[in-house]
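Asks: PDB, C-alpha atoms and all ligand atoms, saved as model10.pdb, coming up:
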```pdb
ATOM      1  CA  MET X   1      18.975   7.326   0.693
ATOM      2  CA  ILE X   2      20.627   9.958  -1.496
ATOM      3  CA  LYS X   3      23.692   7.694  -1.601
ATOM      4  CA  GLN X   4      21.658   4.741  -2.827
ATOM      5  CA  GLU X   5      19.871   6.924  -5.354
ATOM      6  CA  SER X   6      22.994   8.413  -6.840
ATOM      7  CA  LYS X   7      24.618   4.976  -6.968
ATOM      8  CA  ASN X   8      21.624   3.664  -8.902
ATOM      9  CA  LEU X   9      21.461   6.690 -11.146
ATOM     10  CA  HIS X  10      25.092   6.405 -12.041
ATOM     11  CA  SER X  11      25.035   2.657 -12.509
ATOM     12  CA  LYS X  12      22.410   2.966 -15.233
ATOM     13  CA  PHE X  13      21.396   5.844 -17.449
ATOM     14  CA  HIS X  14      17.905   7.071 -16.770
ATOM     15  CA  GLY X  15      16.425   9.353 -19.384
ATOM     16  CA  LYS X  16      14.037  12.157 -18.533
ATOM     17  CA  PHE X  17      11.301  10.721 -20.694
ATOM     18  CA  GLN X  18      11.276   7.302 -19.094
ATOM     19  CA  PRO X  19       8.119   6.683 -17.058
ATOM     20  CA  ILE X  20       7.663   6.629 -13.300
ATOM     21  CA  GLY X  21       6.637   3.265 -11.891
ATOM     22  CA  VAL X  22       3.997   3.300  -9.155
ATOM     23  CA  PHE X  23       2.699   0.200  -7.423
ATOM     24  CA  ASP X  24       0.246  -0.831  -4.753
ATOM     25  CA  SER X  25      -1.372  -3.976  -3.407
ATOM     26  CA  GLY X  26      -4.436  -2.977  -5.412
ATOM     27  CA  LEU X  27      -6.112   0.132  -6.728
ATOM     28  CA  GLY X  28      -5.769   2.348  -3.646
ATOM     29  CA  GLY X  29      -2.383   3.489  -4.955
ATOM     30  CA  LEU X  30      -4.233   5.363  -7.678
ATOM     31  CA  THR X  31      -4.680   8.135  -5.069
ATOM     32  CA  VAL X  32      -0.894   8.532  -5.283
ATOM     33  CA  VAL X  33      -1.050   8.463  -9.101
ATOM     34  CA  ARG X  34      -3.639  11.262  -8.965
ATOM     35  CA  ALA X  35      -1.381  13.325  -6.711
ATOM     36  CA  ILE X  36       1.600  12.754  -9.053
ATOM     37  CA  GLN X  37      -0.478  13.668 -12.102
ATOM     38  CA  LYS X  38      -1.470  16.923 -10.384
ATOM     39  CA  LYS X  39       2.023  17.842  -9.231
ATOM     40  CA  LEU X  40       3.941  16.510 -12.231
ATOM     41  CA  PRO X  41       1.565  16.706 -15.205
ATOM     42  CA  LEU X  42       4.283  16.000 -17.763
ATOM     43  CA  GLU X  43       5.416  12.716 -16.239
ATOM     44  CA  THR X  44       4.274   9.408 -17.733
ATOM     45  CA  ILE X  45       3.177   6.725 -15.295
ATOM     46  CA  VAL X  46       3.284   2.951 -15.360
ATOM     47  CA  TYR X  47       1.014   1.649 -12.604
ATOM     48  CA  PHE X  48       0.831  -1.863 -11.234
ATOM     49  CA  GLY X  49      -1.949  -2.939  -8.846
ATOM     50  CA  ASP X  50      -1.616  -6.389  -7.298
ATOM     51  CA  THR X  51      -5.368  -6.964  -7.415
ATOM     52  CA  ALA X  52      -4.966 -10.757  -7.329
ATOM     53  CA  ARG X  53      -3.140 -10.705  -3.995
ATOM     54  CA  ILE X  54      -4.702  -7.763  -2.122
ATOM     55  CA  PRO X  55      -4.805  -7.265   0.878
ATOM     56  CA  TYR X  56      -1.182  -6.939   1.956
ATOM     57  CA  GLY X  57      -2.271  -5.420   5.268
ATOM     58  CA  ASN X  58      -2.696  -8.746   7.041
ATOM     59  CA  LYS X  59       0.184 -10.652   5.417
ATOM     60  CA  SER X  60       3.580 -11.494   6.898
ATOM     61  CA  PRO X  61       6.631  -9.306   6.212
ATOM     62  CA  GLU X  62       8.281 -12.165   4.240
ATOM     63  CA  VAL X  63       5.358 -12.409   1.833
ATOM     64  CA  ILE X  64       5.079  -8.624   1.430
ATOM     65  CA  ILE X  65       8.814  -8.395   0.636
ATOM     66  CA  LYS X  66       8.578 -11.230  -1.901
ATOM     67  CA  TYR X  67       5.544  -9.702  -3.649
ATOM     68  CA  SER X  68       7.102  -6.221  -3.692
ATOM     69  CA  GLN X  69      10.341  -7.524  -5.188
ATOM     70  CA  GLN X  70       8.430  -9.270  -7.957
ATOM     71  CA  ILE X  71       6.632  -6.033  -8.764
ATOM     72  CA  ILE X  72       9.879  -4.067  -8.850
ATOM     73  CA  ARG X  73      11.289  -6.607 -11.327
ATOM     74  CA  PHE X  74       8.178  -6.180 -13.477
ATOM     75  CA  LEU X  75       8.377  -2.366 -13.385
ATOM     76  CA  GLU X  76      12.049  -2.501 -14.312
ATOM     77  CA  THR X  77      11.067  -4.270 -17.522
ATOM     78  CA  LYS X  78       9.020  -1.142 -18.321
ATOM     79  CA  ASN X  79      12.198   0.928 -18.238
ATOM     80  CA  VAL X  80      11.076   3.198 -15.404
ATOM     81  CA  LYS X  81      13.360   5.950 -14.097
ATOM     82  CA  TYR X  82      11.954   6.059 -10.563
ATOM     83  CA  ILE X  83       9.667   3.791  -8.551
ATOM     84  CA  VAL X  84       7.090   4.982  -6.022
ATOM     85  CA  VAL X  85       5.817   2.426  -3.518
ATOM     86  CA  ALA X  86       2.283   3.753  -3.057
ATOM     87  CA  CYS X  87       1.340   0.995  -0.614
ATOM     88  CA  ASN X  88       1.966   1.859   3.029
ATOM     89  CA  THR X  89       2.224  -1.775   4.119
ATOM     90  CA  SER X  90       4.743  -2.504   1.405
ATOM     91  CA  THR X  91       6.710   0.640   2.275
ATOM     92  CA  ALA X  92       6.654  -0.343   5.941
ATOM     93  CA  TRP X  93       8.119  -3.809   5.443
ATOM     94  CA  ALA X  94       9.850  -3.896   2.077
ATOM     95  CA  LEU X  95      11.218  -0.424   1.278
ATOM     96  CA  LYS X  96      14.702  -1.041   2.705
ATOM     97  CA  HIS X  97      15.054  -4.299   0.726
ATOM     98  CA  LEU X  98      13.774  -2.672  -2.446
ATOM     99  CA  MET X  99      16.196   0.251  -2.124
ATOM    100  CA  ARG X 100      19.061  -2.213  -1.816
ATOM    101  CA  THR X 101      18.069  -4.459  -4.685
ATOM    102  CA  SER X 102      16.395  -2.208  -7.262
ATOM    103  CA  ASN X 103      18.266  -0.834 -10.268
ATOM    104  CA  VAL X 104      16.307   2.408 -10.038
ATOM    105  CA  PRO X 105      15.699   4.720  -7.080
ATOM    106  CA  VAL X 106      12.704   3.848  -4.929
ATOM    107  CA  LEU X 107      10.530   6.228  -2.899
ATOM    108  CA  GLY X 108       8.022   5.112  -0.273
ATOM    109  CA  VAL X 109       5.008   6.932   1.152
ATOM    110  CA  ILE X 110       5.863   6.784   4.849
ATOM    111  CA  ASN X 111       8.716   9.287   5.177
ATOM    112  CA  PRO X 112       6.951  12.047   3.225
ATOM    113  CA  GLY X 113       3.805  11.628   5.372
ATOM    114  CA  ALA X 114       5.856  11.519   8.576
ATOM    115  CA  CYS X 115       7.741  14.729   7.679
ATOM    116  CA  LYS X 116       4.513  16.564   6.942
ATOM    117  CA  ALA X 117       2.981  15.393  10.242
ATOM    118  CA  VAL X 118       5.990  16.656  12.209
ATOM    119  CA  LYS X 119       5.791  20.040  10.466
ATOM    120  CA  THR X 120       2.043  20.228  11.144
ATOM    121  CA  THR X 121       1.692  19.268  14.809
ATOM    122  CA  LYS X 122       1.624  22.066  17.361
ATOM    123  CA  ASN X 123       1.104  20.065  20.532
ATOM    124  CA  GLY X 124       3.525  17.246  19.563
ATOM    125  CA  ARG X 125       0.826  14.567  19.721
ATOM    126  CA  ILE X 126       0.301  12.627  16.489
ATOM    127  CA  GLY X 127      -2.037   9.765  15.639
ATOM    128  CA  VAL X 128      -1.387   7.273  12.850
ATOM    129  CA  ILE X 129      -3.943   4.884  11.405
ATOM    130  CA  GLY X 130      -3.094   2.071   9.000
ATOM    131  CA  THR X 131      -3.354  -1.637   8.305
ATOM    132  CA  LEU X 132      -2.305  -4.207  10.895
ATOM    133  CA  GLY X 133       0.960  -4.715   9.012
ATOM    134  CA  THR X 134       1.831  -1.021   8.896
ATOM    135  CA  VAL X 135       0.981  -0.472  12.562
ATOM    136  CA  ASN X 136       2.870  -3.594  13.689
ATOM    137  CA  SER X 137       5.976  -2.429  11.811
ATOM    138  CA  HIS X 138       6.006   0.900  13.728
ATOM    139  CA  ALA X 139       7.467   2.393  10.554
ATOM    140  CA  TYR X 140       5.675   5.723  11.086
ATOM    141  CA  GLN X 141       6.798   5.860  14.702
ATOM    142  CA  LYS X 142      10.438   5.233  13.734
ATOM    143  CA  SER X 143      10.282   7.757  10.940
ATOM    144  CA  ILE X 144       8.602  10.485  13.035
ATOM    145  CA  GLN X 145      10.822   9.982  16.050
ATOM    146  CA  GLN X 146      13.917  10.130  13.889
ATOM    147  CA  ILE X 147      12.852  13.629  12.878
ATOM    148  CA  SER X 148      11.855  14.705  16.386
ATOM    149  CA  SER X 149      12.253  12.589  19.517
ATOM    150  CA  LYS X 150       9.959  14.938  21.463
ATOM    151  CA  ILE X 151       6.848  13.907  19.564
ATOM    152  CA  VAL X 152       4.507  11.372  21.119
ATOM    153  CA  LEU X 153       2.601   9.049  18.888
ATOM    154  CA  LYS X 154      -0.258   6.584  18.974
ATOM    155  CA  GLU X 155      -0.743   4.098  16.137
ATOM    156  CA  ILE X 156      -4.071   2.324  15.663
ATOM    157  CA  PRO X 157      -4.852  -0.428  13.128
ATOM    158  CA  CYS X 158      -8.199   0.016  11.351
ATOM    159  CA  PRO X 159      -8.610  -3.291   9.454
ATOM    160  CA  LEU X 160     -12.269  -2.714   8.550
ATOM    161  CA  PHE X 161     -11.601   0.501   6.621
ATOM    162  CA  VAL X 162     -10.117  -1.196   3.513
ATOM    163  CA  PRO X 163     -13.102  -3.528   2.909
ATOM    164  CA  LEU X 164     -15.529  -0.645   3.551
ATOM    165  CA  VAL X 165     -13.835   1.491   0.905
ATOM    166  CA  GLU X 166     -13.615  -1.447  -1.512
ATOM    167  CA  GLU X 167     -17.389  -1.821  -1.103
ATOM    168  CA  GLY X 168     -17.886   1.861  -1.877
ATOM    169  CA  MET X 169     -18.971   2.728   1.698
ATOM    170  CA  TYR X 170     -17.447   6.120   2.509
ATOM    171  CA  SER X 171     -20.143   7.582   4.735
ATOM    172  CA  GLY X 172     -23.269   6.711   6.668
ATOM    173  CA  ASN X 173     -24.006   5.331  10.120
ATOM    174  CA  ILE X 174     -22.021   2.097   9.877
ATOM    175  CA  VAL X 175     -18.829   3.808   8.726
ATOM    176  CA  CYS X 176     -19.244   6.553  11.311
ATOM    177  CA  HIS X 177     -19.805   4.028  14.102
ATOM    178  CA  ILE X 178     -16.717   1.997  13.152
ATOM    179  CA  ALA X 179     -14.602   5.152  12.794
ATOM    180  CA  LYS X 180     -15.701   6.380  16.245
ATOM    181  CA  ASN X 181     -14.682   3.048  17.742
ATOM    182  CA  TYR X 182     -11.248   3.047  16.116
ATOM    183  CA  LEU X 183     -10.471   6.713  16.745
ATOM    184  CA  ARG X 184     -11.701   6.979  20.341
ATOM    185  CA  GLN X 185      -8.256   6.240  21.753
ATOM    186  CA  LEU X 186      -6.661   8.867  19.535
ATOM    187  CA  ILE X 187      -9.132  11.521  20.670
ATOM    188  CA  GLN X 188      -8.457  10.595  24.312
ATOM    189  CA  PHE X 189      -4.738  10.861  23.540
ATOM    190  CA  ARG X 190      -5.412  14.509  22.485
ATOM    191  CA  ILE X 191      -3.776  14.307  19.049
ATOM    192  CA  ASP X 192      -3.808  17.453  16.895
ATOM    193  CA  THR X 193      -2.562  15.662  13.743
ATOM    194  CA  LEU X 194      -3.795  12.428  12.190
ATOM    195  CA  VAL X 195      -1.801  10.584   9.514
ATOM    196  CA  LEU X 196      -3.785   8.479   7.044
ATOM    197  CA  GLY X 197      -1.267   5.644   6.764
ATOM    198  CA  CYS X 198      -3.111   3.620   4.141
ATOM    199  CA  THR X 199      -3.934   4.119   0.478
ATOM    200  CA  HIS X 200      -7.664   3.668   1.038
ATOM    201  CA  TYR X 201      -8.231   6.068   3.934
ATOM    202  CA  PRO X 202      -8.278   9.359   1.961
ATOM    203  CA  LEU X 203     -11.680   8.263   0.663
ATOM    204  CA  LEU X 204     -12.962   8.267   4.251
ATOM    205  CA  LYS X 205     -11.515  11.686   5.013
ATOM    206  CA  SER X 206     -14.775  13.549   5.564
ATOM    207  CA  VAL X 207     -16.099  10.956   8.038
ATOM    208  CA  LEU X 208     -12.756  10.839   9.821
ATOM    209  CA  GLN X 209     -12.625  14.641  10.061
ATOM    210  CA  LYS X 210     -16.131  14.687  11.540
ATOM    211  CA  VAL X 211     -15.150  12.088  14.134
ATOM    212  CA  VAL X 212     -11.842  13.661  15.232
ATOM    213  CA  GLY X 213     -13.118  17.240  15.009
ATOM    214  CA  LYS X 214     -11.958  20.361  13.207
ATOM    215  CA  GLY X 215      -9.055  20.889  15.586
ATOM    216  CA  VAL X 216      -7.225  17.854  14.171
ATOM    217  CA  THR X 217      -5.315  18.218  10.886
ATOM    218  CA  ILE X 218      -5.505  15.174   8.639
ATOM    219  CA  ILE X 219      -2.381  14.273   6.654
ATOM    220  CA  ASP X 220      -2.679  12.342   3.399
ATOM    221  CA  SER X 221       0.731  11.052   2.377
ATOM    222  CA  ALA X 222      -0.161  10.950  -1.357
ATOM    223  CA  ASP X 223       0.301  14.720  -1.837
ATOM    224  CA  GLU X 224       3.472  14.749   0.220
ATOM    225  CA  THR X 225       4.932  11.832  -1.716
ATOM    226  CA  ALA X 226       4.262  13.601  -5.019
ATOM    227  CA  ALA X 227       5.953  16.738  -3.661
ATOM    228  CA  VAL X 228       9.052  14.764  -2.575
ATOM    229  CA  LEU X 229       9.134  12.967  -5.932
ATOM    230  CA  LYS X 230       9.190  16.327  -7.712
ATOM    231  CA  ILE X 231      12.119  17.495  -5.576
ATOM    232  CA  LYS X 232      14.043  14.262  -6.281
ATOM    233  CA  LEU X 233      13.449  14.443 -10.037
ATOM    234  CA  GLU X 234      14.557  18.088 -10.079
ATOM    235  CA  GLU X 235      17.616  17.235  -8.027
ATOM    236  CA  PHE X 236      18.709  14.580 -10.523
ATOM    237  CA  GLY X 237      17.715  16.491 -13.662
ATOM    238  CA  LEU X 238      15.089  13.872 -14.466
ATOM    239  CA  LEU X 239      11.977  16.033 -14.881
ATOM    240  CA  SER X 240      10.120  15.185 -18.058
ATOM    241  CA  HIS X 241       8.870  17.879 -20.435
ATOM    242  CA  GLN X 242       6.721  15.634 -22.550
ATOM    243  CA  LYS X 243       3.847  13.477 -21.368
ATOM    244  CA  ARG X 244       3.008  10.158 -23.009
ATOM    245  CA  ALA X 245       0.089   7.806 -22.338
ATOM    246  CA  ASP X 246       0.001   6.289 -18.856
ATOM    247  CA  ASN X 247      -0.151   2.498 -18.631
ATOM    248  CA  TYR X 248      -2.060   0.474 -16.067
ATOM    249  CA  PHE X 249      -1.338  -3.144 -15.188
ATOM    250  CA  VAL X 250      -3.045  -5.461 -12.704
ATOM    251  CA  SER X 251      -2.649  -9.072 -11.628
ATOM    252  CA  ASP X 252      -6.399  -9.761 -11.703
ATOM    253  CA  PHE X 253      -9.295  -8.097 -13.319
ATOM    254  CA  LEU X 254     -12.995  -7.960 -12.666
ATOM    255  CA  THR X 255     -14.248  -5.412 -15.160
ATOM    256  CA  GLN X 256     -17.132  -3.758 -13.337
ATOM    257  CA  GLN X 257     -15.640  -3.627  -9.861
ATOM    258  CA  PHE X 258     -12.304  -2.555 -11.282
ATOM    259  CA  GLN X 259     -13.710   0.419 -13.181
ATOM    260  CA  ARG X 260     -15.822   1.547 -10.220
ATOM    261  CA  LEU X 261     -12.879   1.439  -7.826
ATOM    262  CA  ALA X 262     -10.423   2.908 -10.309
ATOM    263  CA  GLN X 263     -12.738   5.826 -10.896
ATOM    264  CA  GLN X 264     -13.167   6.419  -7.186
ATOM    265  CA  PHE X 265      -9.449   6.469  -6.501
ATOM    266  CA  LEU X 266      -8.300   8.248  -9.665
ATOM    267  CA  ARG X 267     -11.436  10.355 -10.340
ATOM    268  CA  GLN X 268     -11.218   9.420 -14.035
ATOM    269  CA  LYS X 269     -11.863   6.404 -16.219
ATOM    270  CA  ILE X 270      -8.926   4.205 -17.116
ATOM    271  CA  GLN X 271      -8.917   3.333 -20.788
ATOM    272  CA  HIS X 272      -6.201   0.702 -21.189
ATOM    273  CA  ILE X 273      -5.685  -1.886 -18.501
ATOM    274  CA  GLN X 274      -3.621  -4.984 -19.005
ATOM    275  CA  LYS X 275      -3.584  -8.088 -16.884
ATOM    276  CA  ILE X 276      -0.181  -9.684 -16.328
ATOM    277  CA  ASP X 277       1.078 -12.807 -14.569
ATOM    278  CA  ILE X 278       3.133 -11.318 -11.745
ATOM    279  CA  ASP X 279       4.388 -14.765 -10.678
ATOM    280  CA  LYS X 280       6.607 -14.789 -13.770
ATOM    281  CA  TYR X 281       8.802 -12.051 -12.251
TER     282      TYR X 281
HETATM  283  N1  LIG Q   1      -2.449  -0.600   0.036
HETATM  284  C1  LIG Q   1      -2.534  -1.005   1.416
HETATM  285  C2  LIG Q   1      -1.813   0.022   2.280
HETATM  286  O1  LIG Q   1      -1.667   1.186   1.925
HETATM  287  C3  LIG Q   1      -3.962  -1.173   1.858
HETATM  288  C4  LIG Q   1      -4.650  -2.359   1.252
HETATM  289  C5  LIG Q   1      -4.025  -3.690   1.644
HETATM  290  O2  LIG Q   1      -4.171  -4.122   2.806
HETATM  291  O3  LIG Q   1      -3.359  -4.263   0.803
HETATM  292  O4  LIG Q   1      -1.378  -0.323   3.345
END
```
Could you spell out this file's structure in structure tokens?
Replies:
Amino acid sequence: MIKQESKNLHSKFHGKFQPIGVFDSGLGGLTVVRAIQKKLPLETIVYFGDTARIPYGNKSPEVIIKYSQQIIRFLETKNVKYIVVACNTSTAWALKHLMRTSNVPVLGVINPGACKAVKTTKNGRIGVIGTLGTVNSHAYQKSIQQISSKIVLKEIPCPLFVPLVEEGMYSGNIVCHIAKNYLRQLIQFRIDTLVLGCTHYPLLKSVLQKVVGKGVTIIDSADETAAVLKIKLEEFGLLSHQKRADNYFVSDFLTQQFQRLAQQFLRQKIQHIQKIDIDKY
């Protein structure tokens, strides 16, 4: 990865003050933006949410790769110095392709989350929850077992969690009941660490913690990704010292729902949002 990054960095000059591109299948990736804003307050962000084509979680790898490549081409037109793939499903299926084809270095959310989980577990039993696509790719399993082959892992798809979050349902009996059903196998498997392998799941964290119990540490890859991004930018002398206005782009736009969701994920109102035709890229 370092090799690819340095190749890209040398092939094209990337100035410190260029923005960081972040993308997701929708607005869930704003949890990663929030983590970056906290960790790197002087960086400027260009965000793209593929709100017209969400969800990616139940789409084929070919389609996810095609969509992700289009988004990378769009972000490159914004002169970004680094791209963060905030979407777990996109990271799972497209990251390798994007790293090969992008003109700027690309960072996904899976490796940072996997590293943190390995550092956290004491009994070597980790659970991962994500979309169908992420779980079917076994990207977390590969990543975790590359770090430590002794760790045992169970991955469970939780397809109902994304629509629940999109509907603003983060707690209550229905959510709790569904969470208990999904997580039962992980509790029986005696995990001590649970990775939230999806942009939307951090919003369900308190319910999930209640269901798995206090003895299980929950890992949110957003914070870890921001921490790795900081290390990479430092390593390449690309840290910015001057913040400019962040820019938000989407492929579809429904004013009320958009603002509600954006506020939930980012914990602040987004002032300027532009709709673009992603099919042009
Ligand atoms: N952003 C997706 C992920 O993190 C969840 C939503 C979707 O299915 O597109 O996997």
Asks: Counting all atoms listed in the file, which protein, DNA or RNA residues come within 8 Å of ligand LIG 1 (chain Q), given as a PyMOL selection string?
Replies: chain X and resi 24-29+54-58+86-90+130-131+133-134+162+197-200
Asks: Evaluate the PyMOL selection byres (((chain X and resi 96-101) around 8) and not hetatm) here and jot the selected residues down as a VMD selection string.
Replies: chain X and resid 4 65 68 to 69 72 93 to 95 102 to 103 105 to 106
Asks: State, in Å with one decimal place, the distance from CA of Thr44 (chain X) to CA of Gln18 (chain X).
Replies: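 Computed distance, CA of Thr44 (chain X) to CA of Gln18 (chain X), equals 7.4 Å.
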Asks: Go through X:Ser143, X:Thr77, X:Thr121, X:Ser149 and flag the residue nearest Ala92 (chain X), using all atoms listed in the file for the distances.
Replies: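 Closest to Ala92 (chain X) of all the choices is X:Ser143.
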Asks: Pick out the closest residue to Phe253 (chain X) from this set: X:Ile276, X:Ile231, X:Ala179, X:Ala139. Count only C-alpha atoms.
Replies: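 Smallest distance to Phe253 (chain X) is found for X:Ile276.
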Asks: What would region 104-121 of chain X look like if you wrote it out as a CSV table (one decimal), in the first residue's frame, with N, CA and C atoms included, from the block I just posted?
Replies:
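Once written, selection_8.csv looks like this:
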```csv
chain,number,residue,atom,x,y,z
X,104,VAL,N,-4.7,9.4,-6.9
X,104,VAL,CA,-4.3,9.8,-5.6
X,104,VAL,C,-4.4,8.6,-4.7
X,105,PRO,N,-3.7,8.7,-3.5
X,105,PRO,CA,-3.8,7.5,-2.6
X,105,PRO,C,-5.2,7.3,-2.0
X,106,VAL,N,-5.6,6.1,-1.8
X,106,VAL,CA,-6.9,5.8,-1.4
X,106,VAL,C,-6.8,5.0,-0.1
X,107,LEU,N,-7.7,5.3,0.9
X,107,LEU,CA,-7.7,4.6,2.2
X,107,LEU,C,-9.1,4.1,2.4
X,108,GLY,N,-9.2,2.9,2.8
X,108,GLY,CA,-10.5,2.3,3.1
X,108,GLY,C,-10.8,2.2,4.6
X,109,VAL,N,-12.0,1.8,5.0
X,109,VAL,CA,-12.3,1.8,6.4
X,109,VAL,C,-12.1,0.4,7.1
X,110,ILE,N,-11.8,-0.6,6.3
X,110,ILE,CA,-11.8,-2.0,6.8
X,110,ILE,C,-10.5,-2.3,7.6
X,111,ASN,N,-9.3,-2.0,7.0
X,111,ASN,CA,-8.1,-2.3,7.7
X,111,ASN,C,-7.9,-1.6,9.0
X,112,PRO,N,-8.2,-0.2,9.1
X,112,PRO,CA,-8.1,0.4,10.3
X,112,PRO,C,-9.0,-0.2,11.4
X,113,GLY,N,-10.2,-0.6,11.1
X,113,GLY,CA,-11.2,-1.2,12.0
X,113,GLY,C,-10.6,-2.6,12.5
X,114,ALA,N,-10.1,-3.3,11.5
X,114,ALA,CA,-9.6,-4.7,11.8
X,114,ALA,C,-8.4,-4.6,12.7
X,115,CYS,N,-7.5,-3.6,12.5
X,115,CYS,CA,-6.3,-3.5,13.3
X,115,CYS,C,-6.7,-3.1,14.8
X,116,LYS,N,-7.7,-2.2,14.9
X,116,LYS,CA,-8.1,-1.9,16.2
X,116,LYS,C,-8.8,-3.1,17.0
X,117,ALA,N,-9.5,-3.9,16.2
X,117,ALA,CA,-10.2,-5.0,16.8
X,117,ALA,C,-9.1,-6.0,17.3
X,118,VAL,N,-8.1,-6.2,16.6
X,118,VAL,CA,-7.0,-7.2,17.0
X,118,VAL,C,-6.3,-6.7,18.2
X,119,LYS,N,-6.1,-5.4,18.3
X,119,LYS,CA,-5.4,-4.8,19.5
X,119,LYS,C,-6.4,-4.9,20.7
X,120,THR,N,-7.7,-4.9,20.5
X,120,THR,CA,-8.6,-4.8,21.6
X,120,THR,C,-8.9,-6.1,22.2
X,121,THR,N,-9.1,-7.2,21.3
X,121,THR,CA,-9.6,-8.5,21.9
X,121,THR,C,-8.6,-9.1,22.9
```
